[in-house]
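Enquirer: mmCIF, C-alpha atoms and all ligand atoms, file target-v3.cif:
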```
data_input
loop_
_atom_site.label_atom_id
_atom_site.label_comp_id
_atom_site.auth_asym_id
_atom_site.auth_seq_id
_atom_site.Cartn_x
_atom_site.Cartn_y
_atom_site.Cartn_z
CA MET A 238 0.00 0.00 0.00
CA ILE A 239 1.33 3.42 -0.90
CA THR A 240 0.82 6.01 1.82
CA SER A 241 -0.51 9.34 0.52
CA PRO A 242 1.53 12.53 1.12
CA GLU A 243 -1.31 13.80 3.38
CA ASP A 244 -1.14 10.66 5.53
CA LEU A 245 2.66 10.79 5.69
CA ALA A 246 2.43 14.38 6.95
CA LEU A 247 -0.19 13.44 9.55
CA GLN A 248 1.89 10.46 10.69
CA ALA A 249 4.93 12.72 11.18
CA GLU A 250 2.85 15.21 13.22
CA ILE A 251 1.45 12.37 15.34
CA ARG A 252 4.91 11.00 16.09
CA THR A 253 6.07 14.47 17.18
CA LEU A 254 3.04 14.89 19.45
CA ALA A 255 3.52 11.38 20.88
CA ARG A 256 7.10 12.25 21.80
CA GLU A 257 6.05 15.53 23.41
CA ARG A 258 3.33 13.81 25.46
CA ASN A 259 5.43 10.73 26.29
CA ALA A 260 2.64 8.69 24.70
CA VAL A 261 2.62 5.15 23.36
CA ILE A 262 0.28 4.43 20.44
CA LEU A 263 -1.25 0.94 20.44
CA ALA A 264 -3.21 -0.33 17.42
CA HIS A 265 -5.25 -3.48 16.96
CA ASN A 266 -4.66 -5.68 13.89
CA TYR A 267 -8.05 -4.54 12.47
CA GLU A 268 -7.26 -0.82 12.40
CA ARG A 269 -6.86 1.12 9.15
CA PRO A 270 -3.44 0.51 7.48
CA GLU A 271 -2.27 4.10 7.95
CA VAL A 272 -3.21 3.97 11.65
CA GLN A 273 -1.35 0.66 12.12
CA ASP A 274 1.67 2.25 10.45
CA VAL A 275 1.86 5.15 12.92
CA ALA A 276 1.56 2.93 16.02
CA ASP A 277 4.36 1.90 18.35
CA VAL A 278 2.83 -1.55 18.72
CA VAL A 279 0.32 -3.43 16.54
CA GLY A 280 -1.17 -6.61 17.94
CA ASP A 281 -4.07 -8.73 19.13
CA SER A 282 -6.21 -8.06 22.20
CA LEU A 283 -3.93 -10.09 24.46
CA GLY A 284 -0.67 -8.56 23.24
CA LEU A 285 -2.01 -5.02 23.47
CA SER A 286 -3.31 -5.62 27.02
CA ARG A 287 0.14 -6.87 28.03
CA GLU A 288 1.73 -3.81 26.45
CA ALA A 289 -0.70 -1.48 28.25
CA ALA A 290 0.21 -3.17 31.55
CA ARG A 291 3.96 -2.78 31.12
CA THR A 292 4.43 0.51 29.30
CA THR A 293 6.41 3.28 30.97
CA ALA A 294 4.69 5.97 28.87
CA ASP A 295 2.47 8.52 30.63
CA VAL A 296 -0.23 8.34 27.97
CA ILE A 297 -1.69 5.37 26.08
CA VAL A 298 -3.49 6.22 22.82
CA PHE A 299 -5.63 3.17 22.12
CA CYS A 300 -6.41 2.72 18.43
CA GLY A 301 -8.89 -0.07 18.97
CA VAL A 302 -12.34 -0.23 20.51
CA HIS A 303 -13.79 0.97 23.82
CA PHE A 304 -13.45 -2.26 25.84
CA MET A 305 -9.73 -2.41 24.93
CA ALA A 306 -9.14 1.13 26.21
CA GLU A 307 -11.11 0.28 29.38
CA THR A 308 -8.91 -2.77 29.91
CA ALA A 309 -5.81 -0.59 29.56
CA ALA A 310 -7.26 1.92 32.06
CA ILE A 311 -7.90 -0.88 34.58
CA LEU A 312 -4.38 -2.28 34.18
CA SER A 313 -2.69 1.13 34.32
CA PRO A 314 -4.88 3.35 36.51
CA ASP A 315 -2.11 5.94 36.88
CA LYS A 316 -1.82 6.47 33.10
CA THR A 317 -3.93 8.65 30.84
CA VAL A 318 -5.73 6.35 28.39
CA LEU A 319 -7.15 8.00 25.27
CA LEU A 320 -9.63 6.62 22.72
CA PRO A 321 -9.55 8.80 19.58
CA ASP A 322 -13.28 8.28 18.83
CA LEU A 323 -15.91 7.31 21.43
CA ALA A 324 -18.00 5.69 18.70
CA ALA A 325 -15.52 2.77 18.65
CA GLY A 326 -17.85 0.23 20.29
CA CYS A 327 -18.24 -3.53 19.82
CA SER A 328 -21.38 -5.45 18.85
CA LEU A 329 -20.12 -8.53 20.71
CA ALA A 330 -19.48 -6.67 23.99
CA ASP A 331 -23.03 -5.27 23.67
CA THR A 332 -24.56 -8.77 23.82
CA MET A 333 -24.05 -9.15 27.58
CA ASN A 334 -24.44 -6.66 30.43
CA ALA A 335 -23.58 -7.04 34.11
CA ASP A 336 -27.23 -7.63 35.19
CA GLN A 337 -27.57 -10.46 32.67
CA LEU A 338 -24.33 -12.03 33.87
CA ARG A 339 -25.41 -11.76 37.53
CA ALA A 340 -28.71 -13.49 36.67
CA TRP A 341 -26.84 -16.25 34.79
CA LYS A 342 -24.50 -16.77 37.76
CA ALA A 343 -27.51 -17.03 40.09
CA GLU A 344 -28.75 -19.96 37.95
CA HIS A 345 -25.37 -21.75 38.37
CA PRO A 346 -24.10 -21.13 41.89
CA GLY A 347 -20.43 -22.06 42.29
CA ALA A 348 -19.67 -21.92 38.54
CA VAL A 349 -16.44 -20.28 37.37
CA VAL A 350 -17.07 -17.35 35.03
CA VAL A 351 -14.78 -16.98 32.01
CA SER A 352 -15.45 -13.86 29.95
CA TYR A 353 -13.92 -12.97 26.63
CA VAL A 354 -12.05 -9.67 26.81
CA ASN A 355 -14.70 -8.26 24.44
CA THR A 356 -16.89 -7.24 27.40
CA THR A 357 -17.52 -4.07 29.38
CA ALA A 358 -15.60 -3.33 32.58
CA ALA A 359 -18.83 -3.96 34.54
CA VAL A 360 -19.05 -7.50 33.11
CA LYS A 361 -15.36 -8.09 33.85
CA ALA A 362 -16.04 -7.07 37.46
CA GLU A 363 -18.45 -10.08 37.68
CA THR A 364 -15.89 -12.40 36.06
CA ASP A 365 -13.33 -14.84 37.50
CA TYR A 366 -11.09 -15.16 34.42
CA CYS A 367 -10.94 -12.99 31.33
CA CYS A 368 -9.56 -14.55 28.17
CA THR A 369 -8.88 -13.67 24.56
CA SER A 370 -9.02 -15.86 21.47
CA GLY A 371 -5.25 -16.30 21.99
CA ASN A 372 -5.54 -18.09 25.34
CA ALA A 373 -9.20 -19.13 25.90
CA VAL A 374 -8.44 -22.87 25.64
CA GLU A 375 -5.51 -22.64 28.08
CA ILE A 376 -7.59 -20.66 30.57
CA VAL A 377 -10.50 -23.10 30.55
CA ASN A 378 -8.05 -26.01 30.82
CA SER A 379 -6.57 -24.38 33.94
CA ILE A 380 -9.93 -24.64 35.77
CA PRO A 381 -10.47 -27.89 37.75
CA ALA A 382 -12.45 -30.34 35.61
CA ASP A 383 -15.21 -30.78 38.19
CA ARG A 384 -16.10 -27.06 38.29
CA GLU A 385 -18.96 -25.81 36.10
CA VAL A 386 -17.89 -23.02 33.70
CA LEU A 387 -19.95 -20.13 32.37
CA PHE A 388 -18.32 -18.89 29.14
CA GLY A 389 -19.41 -15.73 27.35
CA PRO A 390 -20.28 -13.83 25.37
CA ASP A 391 -19.17 -15.35 22.01
CA MET A 392 -20.94 -18.58 21.07
CA PHE A 393 -18.57 -19.52 18.22
CA LEU A 394 -15.47 -19.08 20.39
CA GLY A 395 -17.33 -20.94 23.16
CA ALA A 396 -18.06 -23.87 20.81
CA HIS A 397 -14.39 -23.92 19.78
CA VAL A 398 -13.22 -23.97 23.41
CA ARG A 399 -15.71 -26.72 24.26
CA ARG A 400 -14.41 -28.83 21.36
CA MET A 401 -10.75 -28.25 22.24
CA THR A 402 -11.13 -28.92 25.96
CA GLY A 403 -13.74 -31.68 25.66
CA ARG A 404 -15.51 -30.01 28.55
CA THR A 405 -19.15 -30.99 29.03
CA ASN A 406 -19.85 -28.83 32.10
CA MET A 407 -19.33 -25.55 30.22
CA HIS A 408 -22.30 -23.30 29.44
CA VAL A 409 -21.94 -20.83 26.58
CA TRP A 410 -23.65 -17.43 26.20
CA MET A 411 -25.36 -17.01 22.82
CA GLY A 412 -23.65 -13.76 21.75
CA GLU A 413 -21.82 -13.07 18.50
CA CYS A 414 -19.81 -10.43 16.67
CA HIS A 415 -21.74 -9.30 13.61
CA VAL A 416 -18.56 -9.13 11.50
CA HIS A 417 -17.29 -12.63 12.28
CA ALA A 418 -20.72 -14.26 12.43
CA GLY A 419 -21.24 -12.93 8.88
CA ILE A 420 -18.27 -14.94 7.54
CA SER A 421 -20.41 -17.88 6.54
CA PRO A 422 -19.55 -21.46 5.54
CA GLU A 423 -20.81 -20.55 2.05
CA SER A 424 -18.38 -17.66 1.56
CA LEU A 425 -15.50 -19.78 2.84
CA ASP A 426 -16.47 -22.68 0.53
CA LYS A 427 -16.53 -20.32 -2.45
CA MET A 428 -12.98 -19.17 -1.69
CA ARG A 429 -11.76 -22.73 -1.09
CA LEU A 430 -13.04 -23.74 -4.53
CA ALA A 431 -11.29 -20.76 -6.14
CA HIS A 432 -7.98 -21.40 -4.28
CA PRO A 433 -7.77 -25.14 -3.62
CA GLY A 434 -4.12 -25.15 -2.46
CA ALA A 435 -4.47 -22.35 0.08
CA GLU A 436 -4.16 -22.77 3.86
CA LEU A 437 -7.19 -21.67 5.86
CA LEU A 438 -6.57 -19.24 8.73
CA VAL A 439 -9.82 -18.98 10.69
CA HIS A 440 -10.60 -16.81 13.71
CA PRO A 441 -12.64 -18.77 16.30
CA GLU A 442 -15.31 -16.00 16.42
CA CYS A 443 -16.27 -16.80 12.79
CA GLY A 444 -19.64 -18.20 11.82
CA CYS A 445 -17.76 -20.69 9.60
CA SER A 446 -15.48 -22.04 12.37
CA THR A 447 -17.77 -24.92 13.27
CA SER A 448 -18.41 -25.94 9.66
CA VAL A 449 -14.69 -26.16 8.76
CA LEU A 450 -14.18 -28.63 11.56
CA GLU A 451 -17.16 -30.62 10.36
CA GLY A 452 -15.49 -30.47 6.92
CA ILE A 453 -12.42 -32.13 8.41
CA SER A 454 -14.48 -34.87 10.07
CA ALA A 455 -16.24 -35.47 6.74
CA GLY A 456 -12.89 -35.64 4.90
CA ALA A 457 -13.70 -32.56 2.77
CA ILE A 458 -10.88 -30.48 4.30
CA ASN A 459 -7.36 -31.66 5.05
CA ASP A 460 -6.66 -30.86 8.72
CA LYS A 461 -3.08 -29.79 7.98
CA ASP A 462 -4.50 -26.92 5.88
CA LEU A 463 -6.72 -25.52 8.66
CA HIS A 464 -5.54 -23.29 11.51
CA ILE A 465 -7.95 -21.76 14.03
CA LEU A 466 -6.05 -18.79 15.42
CA SER A 467 -6.23 -15.43 17.16
CA THR A 468 -5.26 -12.49 14.97
CA GLU A 469 -1.66 -12.56 16.26
CA GLY A 470 -1.52 -16.31 15.61
CA MET A 471 -2.51 -15.58 12.00
CA ILE A 472 0.31 -13.05 11.73
CA ARG A 473 2.83 -15.67 12.87
CA ARG A 474 1.60 -18.55 10.69
CA PRO A 475 3.01 -17.61 7.19
CA ALA A 476 6.59 -17.68 8.50
CA GLU A 477 6.04 -21.20 9.88
CA THR A 478 4.95 -22.82 6.61
CA ASP A 479 6.04 -23.22 2.98
CA ALA A 480 2.45 -22.53 1.84
CA LYS A 481 2.23 -19.59 -0.56
CA GLU A 482 -1.51 -18.88 -0.46
CA PHE A 483 -3.83 -18.28 2.49
CA ILE A 484 -7.56 -17.73 2.87
CA VAL A 485 -8.03 -15.47 5.88
CA ALA A 486 -11.33 -15.69 7.78
CA THR A 487 -11.42 -12.65 10.03
CA GLU A 488 -11.82 -8.87 9.80
CA VAL A 489 -10.09 -7.58 6.64
CA GLY A 490 -7.86 -5.03 8.44
CA ILE A 491 -5.42 -7.84 9.23
CA LEU A 492 -4.54 -8.23 5.54
CA HIS A 493 -2.38 -5.10 5.68
CA ARG A 494 0.08 -6.56 8.18
CA LEU A 495 0.02 -10.03 6.60
CA ARG A 496 0.83 -8.64 3.14
CA LYS A 497 3.44 -6.22 4.40
CA ALA A 498 5.32 -8.90 6.35
CA ASN A 499 5.04 -11.54 3.59
CA PRO A 500 5.43 -9.89 0.18
CA ASP A 501 6.14 -13.27 -1.49
CA LYS A 502 2.84 -14.82 -0.26
CA THR A 503 -0.77 -14.18 -1.26
CA PHE A 504 -3.65 -13.58 1.14
CA PHE A 505 -7.34 -13.77 0.16
CA PRO A 506 -10.11 -12.56 2.51
CA ALA A 507 -12.70 -15.29 3.17
CA ASP A 508 -15.26 -12.49 2.84
CA GLU A 509 -14.12 -9.08 1.66
CA ARG A 510 -17.19 -7.47 3.29
CA ALA A 511 -15.95 -8.48 6.76
CA SER A 512 -15.00 -4.99 7.87
CA CYS A 513 -15.65 -3.75 11.42
CA GLN A 514 -17.03 -0.22 11.31
CA TYR A 515 -16.05 0.30 14.95
CA MET A 516 -12.38 -0.35 14.24
CA LYS A 517 -12.50 1.88 11.18
CA VAL A 518 -13.81 5.02 12.92
CA THR A 519 -10.27 5.77 14.08
CA THR A 520 -8.49 7.88 11.46
CA LEU A 521 -5.11 9.60 11.51
CA ALA A 522 -6.82 12.98 11.90
CA LYS A 523 -8.61 11.69 15.03
CA VAL A 524 -5.40 10.23 16.48
CA LYS A 525 -3.71 13.61 16.02
CA ARG A 526 -6.65 15.47 17.57
CA SER A 527 -6.69 13.01 20.45
CA LEU A 528 -3.05 13.81 21.28
CA GLU A 529 -3.51 17.54 20.80
CA LEU A 530 -6.57 17.82 23.04
CA MET A 531 -5.82 14.79 25.26
CA GLU A 532 -9.24 13.34 24.52
CA HIS A 533 -11.26 11.13 24.91
CA ARG A 534 -10.03 10.03 28.30
CA ILE A 535 -11.25 6.56 29.31
CA THR A 536 -11.64 5.93 33.03
CA VAL A 537 -13.25 3.13 35.02
CA PRO A 538 -14.76 3.74 38.50
CA ALA A 539 -12.32 2.43 41.14
CA ASP A 540 -14.75 -0.10 42.66
CA VAL A 541 -15.45 -1.66 39.23
CA ALA A 542 -11.78 -1.54 38.21
CA ASP A 543 -10.64 -3.18 41.43
CA ARG A 544 -13.05 -6.09 40.93
CA ALA A 545 -12.20 -6.46 37.21
CA ARG A 546 -8.42 -6.26 37.60
CA LEU A 547 -7.84 -9.74 39.01
CA ALA A 548 -9.73 -11.39 36.12
CA ILE A 549 -7.71 -9.37 33.59
CA GLU A 550 -4.40 -10.06 35.33
CA ARG A 551 -5.15 -13.78 35.19
CA MET A 552 -5.75 -13.36 31.44
CA ILE A 553 -2.47 -11.61 30.72
CA SER A 554 -0.47 -14.10 32.75
CA ILE A 555 -1.74 -17.25 31.00
CA GLY A 556 -0.53 -18.45 27.59
CA GLY A 557 -1.26 -16.96 24.21
CA THR A 558 0.93 -14.81 22.04
CA PRO A 559 4.41 -14.60 23.54
CA ALA A 560 5.62 -11.41 21.92
CA MET A 561 4.32 -8.17 20.59
CA ALA A 562 4.73 -7.04 17.02
CA PRO A 563 7.10 -4.12 16.81
CA ALA A 564 5.78 -1.06 15.07
CA PHE A 565 6.30 -0.59 11.39
CA ALA A 566 7.25 2.53 9.56
CA MET A 567 7.99 6.09 10.60
CA GLY A 568 11.73 5.36 10.75
CA GLU A 569 12.07 5.82 14.47
P1 LIG B 1 -7.99 -10.95 18.82
O1 LIG B 1 -7.14 -9.88 18.21
O2 LIG B 1 -7.68 -11.11 20.25
O3 LIG B 1 -7.91 -12.23 18.05
O4 LIG B 1 -9.50 -10.39 18.79
C1 LIG B 1 -10.28 -10.26 17.70
C2 LIG B 1 -11.36 -9.28 17.86
O5 LIG B 1 -12.42 -9.42 17.33
C3 LIG B 1 -11.14 -8.09 18.65
O6 LIG B 1 -12.25 -7.31 18.64
FE1 LIG B 2 -16.26 -6.22 18.23
FE2 LIG B 2 -16.44 -7.79 16.12
FE3 LIG B 2 -15.55 -5.35 15.79
FE4 LIG B 2 -14.02 -7.16 17.08
S1 LIG B 2 -14.65 -7.21 14.93
S2 LIG B 2 -14.43 -5.05 17.71
S3 LIG B 2 -15.61 -8.37 18.10
S4 LIG B 2 -17.62 -5.90 16.48
#
```
Write the structure described by the file as C-alpha cells, please.
Ligand code: 13P
Ligand code: SF4

Expert:
Amino acid sequence: MITSPEDLALQAEIRTLARERNAVILAHNYERPEVQDVADVVGDSLGLSREAARTTADVIVFCGVHFMAETAAILSPDKTVLLPDLAAGCSLADTMNADQLRAWKAEHPGAVVVSYVNTTAAVKAETDYCCTSGNAVEIVNSIPADREVLFGPDMFLGAHVRRMTGRTNMHVWMGECHVHAGISPESLDKMRLAHPGAELLVHPECGCSTSVLEGISAGAINDKDLHILSTEGMIRRPAETDAKEFIVATEVGILHRLRKANPDKTFFPADERASCQYMKVTTLAKVKRSLELMEHRITVPADVADRARLAIERMISIGGTPAMAPAFAMGE
C-alpha cells in the first residue's frame, strides 16, 4: 500500500506529538493501514493488554475499541488512556451486560465465570477469568475439571473452546460479533473452490469455524490446511509454513500486516465485506486530535476496576501470544 503525502504528513505530526506527550500508540490488527503504520505496537487483544500493563509511557493512545481502552485503564490506573473516537464500540461486547451475567451466575451457583475480553468493565467485574481468542483454551483447561464453567459472550469461540477442551460442564452465552458471524460457511467454501491449495486461517469467532471442523471430520478439508487462530496467531503462521496462499477468515484489516510482512505470499479474505465499522472510525486525523486535546479520556470507576483487575491479570499471565509485534514505519 502506498501512503498518501497527506497521511505521511499526519503520521509525522502524530509521532512528534507522541514524543512531546510521552505517549505510546497501540493499534489493533483490524485498524486502518495508515493507523497501524503510525503505532508503536500493533497486535491482538492479548498482546495489546500486556503492552498497556507494562508501558512506561504517561499516555496510552488506544487505536482499537472501547473495551480495549477500558482494559488498559484498569491495568494502568495511573496512566492517561485515550480513545480517539468514542463511537468505537463492539457489537459482541453489547450482547451481555452485568445484570444479565449476575442473573446467569444465580442460575449456576459455584460456577467459574470466564469472559472474553470483548466485554464491558462492569461484566469483567463479575468475572473470574478474562480470556482472549489467543488463550481461551488454556484458561479453561486451567480450571479444575469438576467445576462448572460459564463462558461468554461469544458462542462460536465458546463452541471452539468446548471442542478443544472436551468439557461438558461448560455453558456458553449465545452472543456473537456481527462481523465474524457474517463470515459464513458458504463464503469460505466459495474461496476454497477458487484457491484449492491455500491454507485456511480462521478466527474462532467466525460463523464458519464450526463448519470447517465438520469439513475435516467429513474428509472434505485436510486438517493440515486448517488453523484456528487469534489475529496474532494468523500473523505468525506464514513464516512457519512453505504454503504460498492463504484464505483469511477474520476482519479484513489484518490483511495489511500479513501482506506487508510476507510480500512473497498471497492472502485472500474469506469475505471481503468483513469490515468492522467500529475499528475503522479511528483515522489519523482523530489520532492527532486526540493527542492535541488529550481526549477522549477513558476511566473506570475504582470499585469496578478493582473487581475487574484480578480477572484481567489472570488473562495476561496465562498463555497466548508470547511477543508483541514491533511497530512498522515512521523510521524511528
Ligand atoms: P484478537 O485480536 O484477540 O484475536 O481479537 C479479535 C477481535 O475481534 C477483537 O475485537
Ligand atoms: Fe467487536 Fe467484532 Fe468489531 Fe471485534 S470485529 S471489535 S468483536 S464488532

Enquirer: Please compute the CA of Leu329 (chain A)-CA of Ala486 (chain A) distance, one decimal, in Å.

Expert: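 Value for the CA of Leu329 (chain A)-CA of Ala486 (chain A) distance: 17.2 Å.
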
Enquirer: To test the calculation: enclose all listed atoms of ligand LIG 1 (chain B) in a box whose edges run along x, y and z, add 3 Å on each side, then state centre and edge lengths in Å to one decimal, as JSON.

Expert:
```
{"center_x": -9.8, "center_y": -9.8, "center_z": 18.8, "size_x": 11.3, "size_y": 10.9, "size_z": 8.9}
```

Enquirer: Any idea what's packed within 8 Å of Ser328 (chain A), counting all atoms listed in the file, ignoring anything in its chain fewer than 6 positions away? Could you give it as an mmCIF file with C-alpha atoms, keeping the file's coordinate frame?

Expert:
```
data_model
loop_
_atom_site.group_PDB
_atom_site.id
_atom_site.type_symbol
_atom_site.label_atom_id
_atom_site.label_comp_id
_atom_site.auth_asym_id
_atom_site.auth_seq_id
_atom_site.Cartn_x
_atom_site.Cartn_y
_atom_site.Cartn_z
ATOM 1 C CA GLU A 413 -21.820 -13.070 18.500
ATOM 2 C CA CYS A 414 -19.810 -10.430 16.670
ATOM 3 C CA HIS A 415 -21.740 -9.300 13.610
#
```

Enquirer: Can I get the residues close to ligand LIG 1 (chain B) as a PDB file with C-alpha atoms, in the frame of the given file, where close means within 7 Å and we count only C-alpha atoms and all ligand atoms?

Expert:
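Just written: part03.pdb:
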```pdb
ATOM      1  CA  HIS A 265      -5.250  -3.480  16.960  1.00  0.00           C
ATOM      2  CA  ASN A 266      -4.660  -5.680  13.890  1.00  0.00           C
ATOM      3  CA  GLY A 280      -1.170  -6.610  17.940  1.00  0.00           C
ATOM      4  CA  ASP A 281      -4.070  -8.730  19.130  1.00  0.00           C
ATOM      5  CA  SER A 282      -6.210  -8.060  22.200  1.00  0.00           C
ATOM      6  CA  LEU A 283      -3.930 -10.090  24.460  1.00  0.00           C
ATOM      7  CA  ASN A 355     -14.700  -8.260  24.440  1.00  0.00           C
ATOM      8  CA  THR A 369      -8.880 -13.670  24.560  1.00  0.00           C
ATOM      9  CA  SER A 370      -9.020 -15.860  21.470  1.00  0.00           C
ATOM     10  CA  GLY A 371      -5.250 -16.300  21.990  1.00  0.00           C
ATOM     11  CA  HIS A 440     -10.600 -16.810  13.710  1.00  0.00           C
ATOM     12  CA  SER A 467      -6.230 -15.430  17.160  1.00  0.00           C
ATOM     13  CA  THR A 468      -5.260 -12.490  14.970  1.00  0.00           C
ATOM     14  CA  GLU A 469      -1.660 -12.560  16.260  1.00  0.00           C
TER      15      GLU A 469
END
```

Enquirer: Can you pull out every residue within 8 Å of Asp244 (chain A), counting all atoms listed in the file, but drop anything in the same chain fewer than 3 positions away, and send it as a compact mmCIF listing (two decimals) with C-alpha atoms, in the coordinates of the input?

Expert:
```
# COMPACT_ATOMS: atom_id res chain seq x y z
CA THR A 240 0.82 6.01 1.82
CA SER A 241 -0.51 9.34 0.52
CA LEU A 247 -0.19 13.44 9.55
CA GLN A 248 1.89 10.46 10.69
CA GLU A 271 -2.27 4.10 7.95
CA LEU A 521 -5.11 9.60 11.51
```

Enquirer: Which of these, A:Asp508, A:Asp336, A:Glu550, A:Asp322, has the shortest distance to Ile535 (chain A) once you count all atoms listed in the file?

Expert: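 Using all atoms listed in the file, Ile535 (chain A) sits closest to A:Asp322.
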
Enquirer: Go through A:Met333, A:Ala548, A:Leu530, A:Met516 one by one, measure the shortest atom-to-atom distance of each to ligand LIG 2 (chain B) using all atoms listed in the file, and give the residue with the smallest value.

Expert: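 That would be A:Met516, the residue with the smallest distance to ligand LIG 2 (chain B).
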
Enquirer: Rounded to one decimal, what separation in Å do you get between CA of Thr519 (chain A) and CA of Gln273 (chain A)?

Expert: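 Atom-to-atom, CA of Thr519 (chain A) to CA of Gln273 (chain A), that is 10.5 Å.
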
Enquirer: May I have a table of the residues of region 474-542 of chain A lying at most 10 Å from region 420-426 of chain A, giving each one's closest pair of atoms and their distance in Å to one decimal, counting all atoms listed in the file, ordered by chain and ascending residue number, as JSON lines?

Expert:
```
{"residue": "A:Ile484", "atom": "CA", "partner": "A:Leu425", "partner_atom": "CA", "distance": 8.2}
{"residue": "A:Val485", "atom": "CA", "partner": "A:Leu425", "partner_atom": "CA", "distance": 9.1}
{"residue": "A:Ala486", "atom": "CA", "partner": "A:Ile420", "partner_atom": "CA", "distance": 7.0}
{"residue": "A:Thr487", "atom": "CA", "partner": "A:Ile420", "partner_atom": "CA", "distance": 7.6}
{"residue": "A:Glu488", "atom": "CA", "partner": "A:Ile420", "partner_atom": "CA", "distance": 9.1}
{"residue": "A:Pro506", "atom": "CA", "partner": "A:Leu425", "partner_atom": "CA", "distance": 9.0}
{"residue": "A:Ala507", "atom": "CA", "partner": "A:Leu425", "partner_atom": "CA", "distance": 5.3}
{"residue": "A:Asp508", "atom": "CA", "partner": "A:Ile420", "partner_atom": "CA", "distance": 6.1}
{"residue": "A:Glu509", "atom": "CA", "partner": "A:Ile420", "partner_atom": "CA", "distance": 9.3}
{"residue": "A:Arg510", "atom": "CA", "partner": "A:Ile420", "partner_atom": "CA", "distance": 8.7}
{"residue": "A:Ala511", "atom": "CA", "partner": "A:Ile420", "partner_atom": "CA", "distance": 6.9}
```

Enquirer: Please list as a ChimeraX atom specification every residue within 9 Å of Glu307 (chain A), counting only C-alpha atoms and excluding residues in the same chain fewer than 2 positions away.

Expert: /A:302-305,309-312,318,357-358,535-537

Enquirer: Would you be able to write out as a ChimeraX atom specification which residues have an atom within 12 Å of (-11.5, -28.0, 18.6) in the file's coordinates, counting only C-alpha atoms?

Expert: /A:373-374,393-404,441,446-451,453-454,460,463-466

Enquirer: Please compute the CA of Glu436 (chain A)-CA of Glu477 (chain A) distance, one decimal, in Å.

Expert: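 Taking CA of Glu436 (chain A) as the start and CA of Glu477 (chain A) as the end point, the length is 11.9 Å.
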
Enquirer: Once you count all atoms listed in the file, which residues end up no further than 8 Å from (-0.4, -9.4, 9.9) in the file's frame, shown as a ChimeraX atom specification?

Expert: /A:266,468-469,471-473,491-498
